[in-house]
Amino acid sequence: MDTVIDKIITDVLLEYAKGIMESIPANLYTFYRLEVGHRSVTIWTDNVFAAYIEFGTGTSETVVGGRSAEEYLATQPQEVRDEASPFFITGRGTIPAQPYLFPAYYKVKDKIPKEIDRRIQQYFNSIR
C-alpha cells in the first residue's frame, strides 16, 4: 500500500511540476532540470542568470522599464526573498524583474495537497 501511495504522491507532484516548467521562458528552459525524489520533485538550475531574470536586479533608481529587484521582492513572501538574496549583491543592476517560476508555483501550490488527498481517497475507495 505504501508503494501505491508513494506513486500517487510522486505522480501528482510530477504533473504539477511539469506545468510549472511550462512557465519557464523558452530561452531559459534548457537550463532547468526536473529531479524526482522520494515524495518530492525539484525544479532547479545552476544557471545564475535565470535568477536575475526571475527576481530582477538593482533598485528603482537603476532599473528603467520595469520593477527592480528591490521593488519586486518587497511584495513577495519571505521564502522568495530568501531565494533571491544571494543574487542581490551590489544593488546597481539594471535588469527588471520578470517573475515566472515562483508565480507559477504559487498558482498551484494549494491545489497539490488537495489533489494528492483526492487521488489517495480514490485509491482507498477502489480497494474496499
# chains A, B, ... in the order shown; residues from 1 in each chain; ligands from 1
call {"tool": "closest_atom_pairs", "arguments": {"of": "stretch 24-48 of chain A", "to": "stretch 90-108 of chain A", "cutoff": "10 Å", "atoms": "only C-alpha atoms", "output": "JSON lines"}}
result
{"residue": "A:Ile24", "atom": "CA", "partner": "A:Tyr100", "partner_atom": "CA", "distance": 6.2}
{"residue": "A:Pro25", "atom": "CA", "partner": "A:Tyr100", "partner_atom": "CA", "distance": 7.7}
{"residue": "A:Ile43", "atom": "CA", "partner": "A:Leu101", "partner_atom": "CA", "distance": 9.3}
call {"tool": "residues_around", "arguments": {"residues": "A:Glu83", "least_positions_apart": "5", "cutoff": "10 Å", "atoms": "only C-alpha atoms", "output": "PyMOL selection string"}}
result
chain A and resi 51+55+78
call {"tool": "closest_residue", "arguments": {"among": "A:Ala74, A:Ala50, A:Ile89, A:Ile116", "to": "A:Glu15", "atoms": "only C-alpha atoms"}}
result
A:Ile116
call {"tool": "select_by_dssp", "arguments": {"residues": "stretch 3-72 of chain A", "states": "strand (DSSP E)", "output": "PyMOL selection string"}}
result
chain A and resi 33-37+40-44
call {"tool": "write_last_selection", "arguments": {"atoms": "all heavy atoms", "output": "compact mmCIF listing (two decimals), in the first residue's frame"}}
result
# COMPACT_ATOMS: atom_id res chain seq x y z
N ARG A 33 16.27 21.71 -14.73
CA ARG A 33 16.18 20.26 -14.59
C ARG A 33 15.02 19.93 -13.66
O ARG A 33 14.72 20.69 -12.74
CB ARG A 33 17.47 19.68 -13.98
CG ARG A 33 18.73 20.03 -14.72
CD ARG A 33 18.79 19.32 -16.08
NE ARG A 33 19.99 19.69 -16.80
CZ ARG A 33 20.06 20.64 -17.73
NH1 ARG A 33 19.00 21.34 -18.05
NH2 ARG A 33 21.17 20.92 -18.34
N LEU A 34 14.43 18.79 -13.89
CA LEU A 34 13.36 18.28 -13.04
C LEU A 34 13.90 17.02 -12.38
O LEU A 34 14.28 16.08 -13.06
CB LEU A 34 12.14 17.97 -13.90
CG LEU A 34 10.85 17.61 -13.21
CD1 LEU A 34 10.37 18.76 -12.34
CD2 LEU A 34 9.79 17.27 -14.24
N GLU A 35 13.97 17.03 -11.06
CA GLU A 35 14.53 15.90 -10.32
C GLU A 35 13.44 15.28 -9.45
O GLU A 35 12.83 15.98 -8.65
CB GLU A 35 15.68 16.41 -9.46
CG GLU A 35 16.45 15.35 -8.75
CD GLU A 35 17.64 15.95 -8.04
OE1 GLU A 35 18.55 16.47 -8.73
OE2 GLU A 35 17.66 15.92 -6.80
N VAL A 36 13.23 13.98 -9.63
CA VAL A 36 12.20 13.28 -8.87
C VAL A 36 12.88 12.52 -7.73
O VAL A 36 13.81 11.76 -7.94
CB VAL A 36 11.43 12.29 -9.77
CG1 VAL A 36 10.38 11.53 -8.98
CG2 VAL A 36 10.80 13.03 -10.95
N GLY A 37 12.38 12.76 -6.51
CA GLY A 37 12.90 12.07 -5.33
C GLY A 37 11.78 11.31 -4.65
O GLY A 37 10.70 11.14 -5.21
N SER A 40 8.95 13.74 -3.56
CA SER A 40 9.36 15.11 -3.85
C SER A 40 9.73 15.25 -5.32
O SER A 40 10.12 14.29 -5.97
CB SER A 40 10.55 15.52 -2.99
OG SER A 40 11.71 14.81 -3.38
N VAL A 41 9.57 16.46 -5.81
CA VAL A 41 10.01 16.82 -7.15
C VAL A 41 10.64 18.20 -7.03
O VAL A 41 10.08 19.10 -6.41
CB VAL A 41 8.83 16.85 -8.15
CG1 VAL A 41 9.29 17.34 -9.50
CG2 VAL A 41 8.17 15.48 -8.27
N THR A 42 11.82 18.34 -7.60
CA THR A 42 12.54 19.60 -7.52
C THR A 42 12.80 20.13 -8.92
O THR A 42 13.25 19.39 -9.80
CB THR A 42 13.90 19.39 -6.80
OG1 THR A 42 13.65 18.80 -5.52
CG2 THR A 42 14.63 20.71 -6.63
N ILE A 43 12.53 21.41 -9.11
CA ILE A 43 12.87 22.11 -10.34
C ILE A 43 14.08 22.98 -9.99
O ILE A 43 14.01 23.77 -9.06
CB ILE A 43 11.71 22.99 -10.83
CG1 ILE A 43 10.49 22.13 -11.14
CG2 ILE A 43 12.14 23.81 -12.06
CD1 ILE A 43 9.22 22.93 -11.42
N TRP A 44 15.16 22.82 -10.73
CA TRP A 44 16.35 23.58 -10.39
C TRP A 44 17.20 23.90 -11.61
O TRP A 44 17.03 23.32 -12.67
CB TRP A 44 17.19 22.83 -9.36
CG TRP A 44 17.75 21.53 -9.86
CD1 TRP A 44 17.10 20.32 -9.92
CD2 TRP A 44 19.03 21.31 -10.44
NE1 TRP A 44 17.92 19.37 -10.47
CE2 TRP A 44 19.11 19.94 -10.79
CE3 TRP A 44 20.12 22.13 -10.67
CZ2 TRP A 44 20.25 19.40 -11.37
CZ3 TRP A 44 21.26 21.57 -11.26
CH2 TRP A 44 21.31 20.23 -11.59
call {"tool": "atom_distance", "arguments": {"atom1": "atom CA of A:Asp46", "atom2": "atom CA of A:Leu73"}}
result
21.0 Å
call {"tool": "atom_distance", "arguments": {"atom1": "atom CA of A:Thr3", "atom2": "atom CA of A:Ile112"}}
result
19.0 Å
call {"tool": "closest_residue", "arguments": {"among": "A:Ile127, A:Ala69, A:Ile9, A:Ala26", "to": "A:Lys114", "atoms": "only C-alpha atoms"}}
result
A:Ile9
